[in-house]
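Peer 1: Below is the file my_file.cif, which contains mmCIF, C-alpha atoms.
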```cif
data_input
#
loop_
_atom_site.group_PDB
_atom_site.id
_atom_site.type_symbol
_atom_site.label_atom_id
_atom_site.label_comp_id
_atom_site.auth_asym_id
_atom_site.auth_seq_id
_atom_site.Cartn_x
_atom_site.Cartn_y
_atom_site.Cartn_z
ATOM 1 C CA MET A 1 29.770 -17.017 9.086
ATOM 2 C CA ARG A 2 27.749 -13.863 8.902
ATOM 3 C CA ASP A 3 24.107 -13.960 9.895
ATOM 4 C CA GLN A 4 22.104 -13.240 6.749
ATOM 5 C CA ARG A 5 19.230 -11.753 8.725
ATOM 6 C CA SER A 6 21.450 -8.858 9.830
ATOM 7 C CA CYS A 7 21.292 -7.341 6.317
ATOM 8 C CA PRO A 8 17.824 -5.910 5.872
ATOM 9 C CA GLU A 9 16.286 -6.206 2.451
ATOM 10 C CA PRO A 10 15.649 -2.904 0.713
ATOM 11 C CA PRO A 11 11.946 -2.088 0.652
ATOM 12 C CA ARG A 12 10.188 -3.088 -2.527
ATOM 13 C CA LEU A 13 8.469 -0.262 -4.351
ATOM 14 C CA THR A 14 5.004 -0.596 -5.775
ATOM 15 C CA THR A 15 4.542 -0.068 -9.495
ATOM 16 C CA ALA A 16 2.960 3.330 -8.814
ATOM 17 C CA GLU A 17 5.984 4.368 -6.727
ATOM 18 C CA GLN A 18 8.383 3.184 -9.438
ATOM 19 C CA ASP A 19 6.437 5.135 -12.074
ATOM 20 C CA ARG A 20 6.465 8.260 -9.913
ATOM 21 C CA ASN A 21 10.226 7.994 -9.365
ATOM 22 C CA THR A 22 10.813 7.526 -13.094
ATOM 23 C CA ARG A 23 8.623 10.524 -13.956
ATOM 24 C CA ARG A 24 10.489 12.639 -11.407
ATOM 25 C CA SER A 25 13.878 11.570 -12.816
ATOM 26 C CA VAL A 26 12.816 12.285 -16.390
ATOM 27 C CA LEU A 27 11.362 15.697 -15.549
ATOM 28 C CA VAL A 28 14.416 16.790 -13.565
ATOM 29 C CA ALA A 29 16.784 15.570 -16.306
ATOM 30 C CA VAL A 30 14.877 17.466 -19.015
ATOM 31 C CA ILE A 31 14.767 20.639 -16.916
ATOM 32 C CA ASP A 32 18.476 20.356 -16.054
ATOM 33 C CA LEU A 33 19.346 20.074 -19.744
ATOM 34 C CA HIS A 34 17.064 22.956 -20.748
ATOM 35 C CA PRO A 35 17.281 24.919 -23.079
ATOM 36 C CA ALA A 36 18.912 22.119 -25.068
ATOM 37 C CA PRO A 37 16.349 19.710 -26.489
ATOM 38 C CA VAL A 38 16.948 16.087 -25.589
ATOM 39 C CA THR A 39 15.643 12.983 -27.321
ATOM 40 C CA VAL A 40 13.879 10.121 -25.606
ATOM 41 C CA SER A 41 16.819 7.875 -26.584
ATOM 42 C CA GLU A 42 19.280 10.256 -24.930
ATOM 43 C CA LEU A 43 17.178 10.292 -21.772
ATOM 44 C CA THR A 44 17.088 6.512 -21.791
ATOM 45 C CA ARG A 45 20.870 6.283 -22.088
ATOM 46 C CA GLN A 46 21.335 8.869 -19.334
ATOM 47 C CA LEU A 47 18.844 7.477 -16.837
ATOM 48 C CA THR A 48 19.150 3.699 -17.166
ATOM 49 C CA ARG A 49 21.816 1.133 -16.480
ATOM 50 C CA SER A 50 20.936 -0.927 -19.544
ATOM 51 C CA PRO A 51 19.311 1.190 -22.287
ATOM 52 C CA GLU A 52 18.857 -1.909 -24.440
ATOM 53 C CA TYR A 53 16.740 -3.578 -21.733
ATOM 54 C CA PHE A 54 13.088 -3.217 -22.755
ATOM 55 C CA GLY A 55 11.700 -2.683 -19.251
ATOM 56 C CA GLU A 56 13.934 0.296 -18.469
ATOM 57 C CA ARG A 57 13.523 1.846 -21.919
ATOM 58 C CA ASP A 58 9.755 1.415 -21.767
ATOM 59 C CA ALA A 59 9.590 3.063 -18.329
ATOM 60 C CA ILE A 60 11.348 6.186 -19.665
ATOM 61 C CA GLU A 61 9.163 6.309 -22.785
ATOM 62 C CA GLN A 62 6.009 5.936 -20.688
ATOM 63 C CA ALA A 63 7.175 8.655 -18.281
ATOM 64 C CA VAL A 64 7.657 11.049 -21.218
ATOM 65 C CA ILE A 65 4.172 10.252 -22.518
ATOM 66 C CA ASP A 66 2.661 10.712 -19.041
ATOM 67 C CA LEU A 67 4.474 13.993 -18.383
ATOM 68 C CA ALA A 68 3.425 15.322 -21.792
ATOM 69 C CA GLY A 69 -0.149 14.360 -20.921
ATOM 70 C CA PHE A 70 0.112 16.241 -17.622
ATOM 71 C CA GLY A 71 1.285 19.329 -19.513
ATOM 72 C CA LEU A 72 4.822 19.270 -18.129
ATOM 73 C CA LEU A 73 6.726 18.231 -21.267
ATOM 74 C CA HIS A 74 6.479 18.960 -24.976
ATOM 75 C CA ARG A 75 7.113 16.028 -27.305
ATOM 76 C CA HIS A 76 8.278 17.153 -30.715
ATOM 77 C CA ASP A 77 7.635 14.242 -33.051
ATOM 78 C CA PHE A 78 8.883 14.457 -36.599
ATOM 79 C CA ARG A 79 7.499 12.298 -39.375
ATOM 80 C CA LYS A 80 10.725 10.779 -40.621
ATOM 81 C CA ARG A 81 12.492 10.643 -37.261
ATOM 82 C CA PRO A 82 11.797 7.649 -35.021
ATOM 83 C CA ASP A 83 12.816 9.530 -31.873
ATOM 84 C CA ALA A 84 11.072 12.538 -30.316
ATOM 85 C CA PHE A 85 12.696 15.680 -28.946
ATOM 86 C CA VAL A 86 11.528 16.532 -25.445
ATOM 87 C CA THR A 87 11.497 19.974 -23.791
ATOM 88 C CA PRO A 88 9.905 21.215 -20.564
ATOM 89 C CA THR A 89 6.830 23.420 -20.685
ATOM 90 C CA GLN A 90 6.828 26.873 -19.120
ATOM 91 C CA ALA A 91 4.588 25.498 -16.363
ATOM 92 C CA ALA A 92 7.151 22.807 -15.521
ATOM 93 C CA LEU A 93 10.005 25.315 -15.444
ATOM 94 C CA TYR A 94 8.039 27.685 -13.199
ATOM 95 C CA ALA A 95 6.935 24.920 -10.817
ATOM 96 C CA TYR A 96 10.502 23.615 -10.608
ATOM 97 C CA GLU A 97 11.745 27.122 -9.825
ATOM 98 C CA LEU A 98 9.138 27.552 -7.079
ATOM 99 C CA LEU A 99 9.923 24.191 -5.518
ATOM 100 C CA SER A 100 13.672 24.817 -5.690
ATOM 101 C CA GLU A 101 13.270 28.142 -3.857
ATOM 102 C CA GLU A 102 11.314 26.334 -1.159
ATOM 103 C CA GLU A 103 14.251 23.980 -0.483
ATOM 104 C CA ASP A 104 16.787 26.806 -0.094
#
```
Turn the structure described in the file into structure tokens.
Peer 2:
Amino acid sequence: MRDQRSCPEPPRLTTAEQDRNTRRSVLVAVIDLHPAPVTVSELTRQLTRSPEYFGERDAIEQAVIDLAGFGLLHRHDFRKRPDAFVTPTQAALYAYELLSEEED
């Protein structure tokens, strides 16, 4: 029988670390899809295992709200549409370009 202690448990992330990872994933996905606008629902389907699970869906929605508040995303809400289109700001595109050059 295999010793269970030989398999280390993956480190648990704090809530702040989880939020940061989700924001990073959302921002990169929106920039990768640019110039096509993407909806929050599309992002949720793309970035989660279970889009119908409230916790995962809420994390994506909160990341979009946070990134819009930081000035990195535009949220285009329409009155009769329950879902918002999301596009990156020029600042986000420029910062992404600068950081990508740094990695090369």
Peer 1: Nearest residue to Ala36 of chain A out of A:Leu73, A:Val64, A:Ala92, A:Val86, using all atoms listed in the file?
Peer 2: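 Closest to Ala36 of chain A, using all atoms listed in the file: A:Val86.
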Peer 1: For a quick check of understanding, using only C-alpha atoms, which of A:Gln62, A:Thr48, A:Ser41, A:Thr87 has the smallest distance to Val28 of chain A?
Peer 2: A:Thr87
Peer 1: Taking only C-alpha atoms into account, which of A:Asp83, A:Glu42, A:Glu56, A:Glu97 comes nearest Asp19 of chain A?
Peer 2: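 Once distances to Asp19 of chain A are computed over only C-alpha atoms, the minimum belongs to A:Glu56.
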Peer 1: Hey, can you check how far atom CA of Phe85 of chain A sits from atom CA of Phe54 of chain A?
Peer 2: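 One can read the atom CA of Phe85 of chain A to atom CA of Phe54 of chain A distance as 19.9 Å.
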Peer 1: I'd like the interatomic distance between atom CA of Ala95 of chain A and atom CA of Phe78 of chain A, to a tenth of an Å.
Peer 2: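 Taking atom CA of Ala95 of chain A as the start and atom CA of Phe78 of chain A as the end point, the length is 27.9 Å.
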Peer 1: Any chance you could resolve the PyMOL selection byres ((chain A and resi 65) around 12) against this file and give the residues as a list of chain:residue names?
Peer 2: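 Expected selection for the PyMOL selection byres ((chain A and resi 65) around 12) here is A:Asp19, A:Thr22, A:Arg23, A:Val26, A:Leu27, A:Val40, A:Asp58, A:Ala59, A:Ile60, A:Glu61, A:Gln62, A:Ala63, A:Val64, A:Asp66, A:Leu67, A:Ala68, A:Gly69, A:Phe70, A:Gly71, A:Leu72, A:Leu73, A:His74, A:Arg75, A:His76, A:Asp77, A:Ala84, A:Phe85, A:Val86.
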Peer 1: One decimal, Å: what's the distance from atom CA of His34 of chain A over to atom CA of Pro88 of chain A, could you say?
Peer 2: 7.4 Å
Peer 1: For a quick check of understanding, using only C-alpha atoms, which of A:Ser25, A:Gly55, A:Tyr96, A:Glu101 has the smallest distance to Leu43 of chain A?
Peer 2: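 Among the listed residues, the smallest separation from Leu43 of chain A belongs to A:Ser25.
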Peer 1: Edge lengths and centre in Å to one decimal, as JSON, of the axis-aligned box that encloses all listed atoms of segment 36-39 of chain A with 8 Å added on every side?
Peer 2:
```
{"center_x": 17.3, "center_y": 17.6, "center_z": -26.2, "size_x": 19.3, "size_y": 25.1, "size_z": 18.3}
```
Peer 1: Compare A:Arg12, A:Gln18, A:Arg49, A:Ile31 by their minimum atom-to-atom distance to Ala91 of chain A, counting only C-alpha atoms, and give me the closest one.
Peer 2: A:Ile31
Peer 1: Ranking A:Ala16, A:Val38, A:Leu47, A:Val30 by minimum distance to Thr89 of chain A and counting all atoms listed in the file, which one comes first?
Peer 2: A:Val30
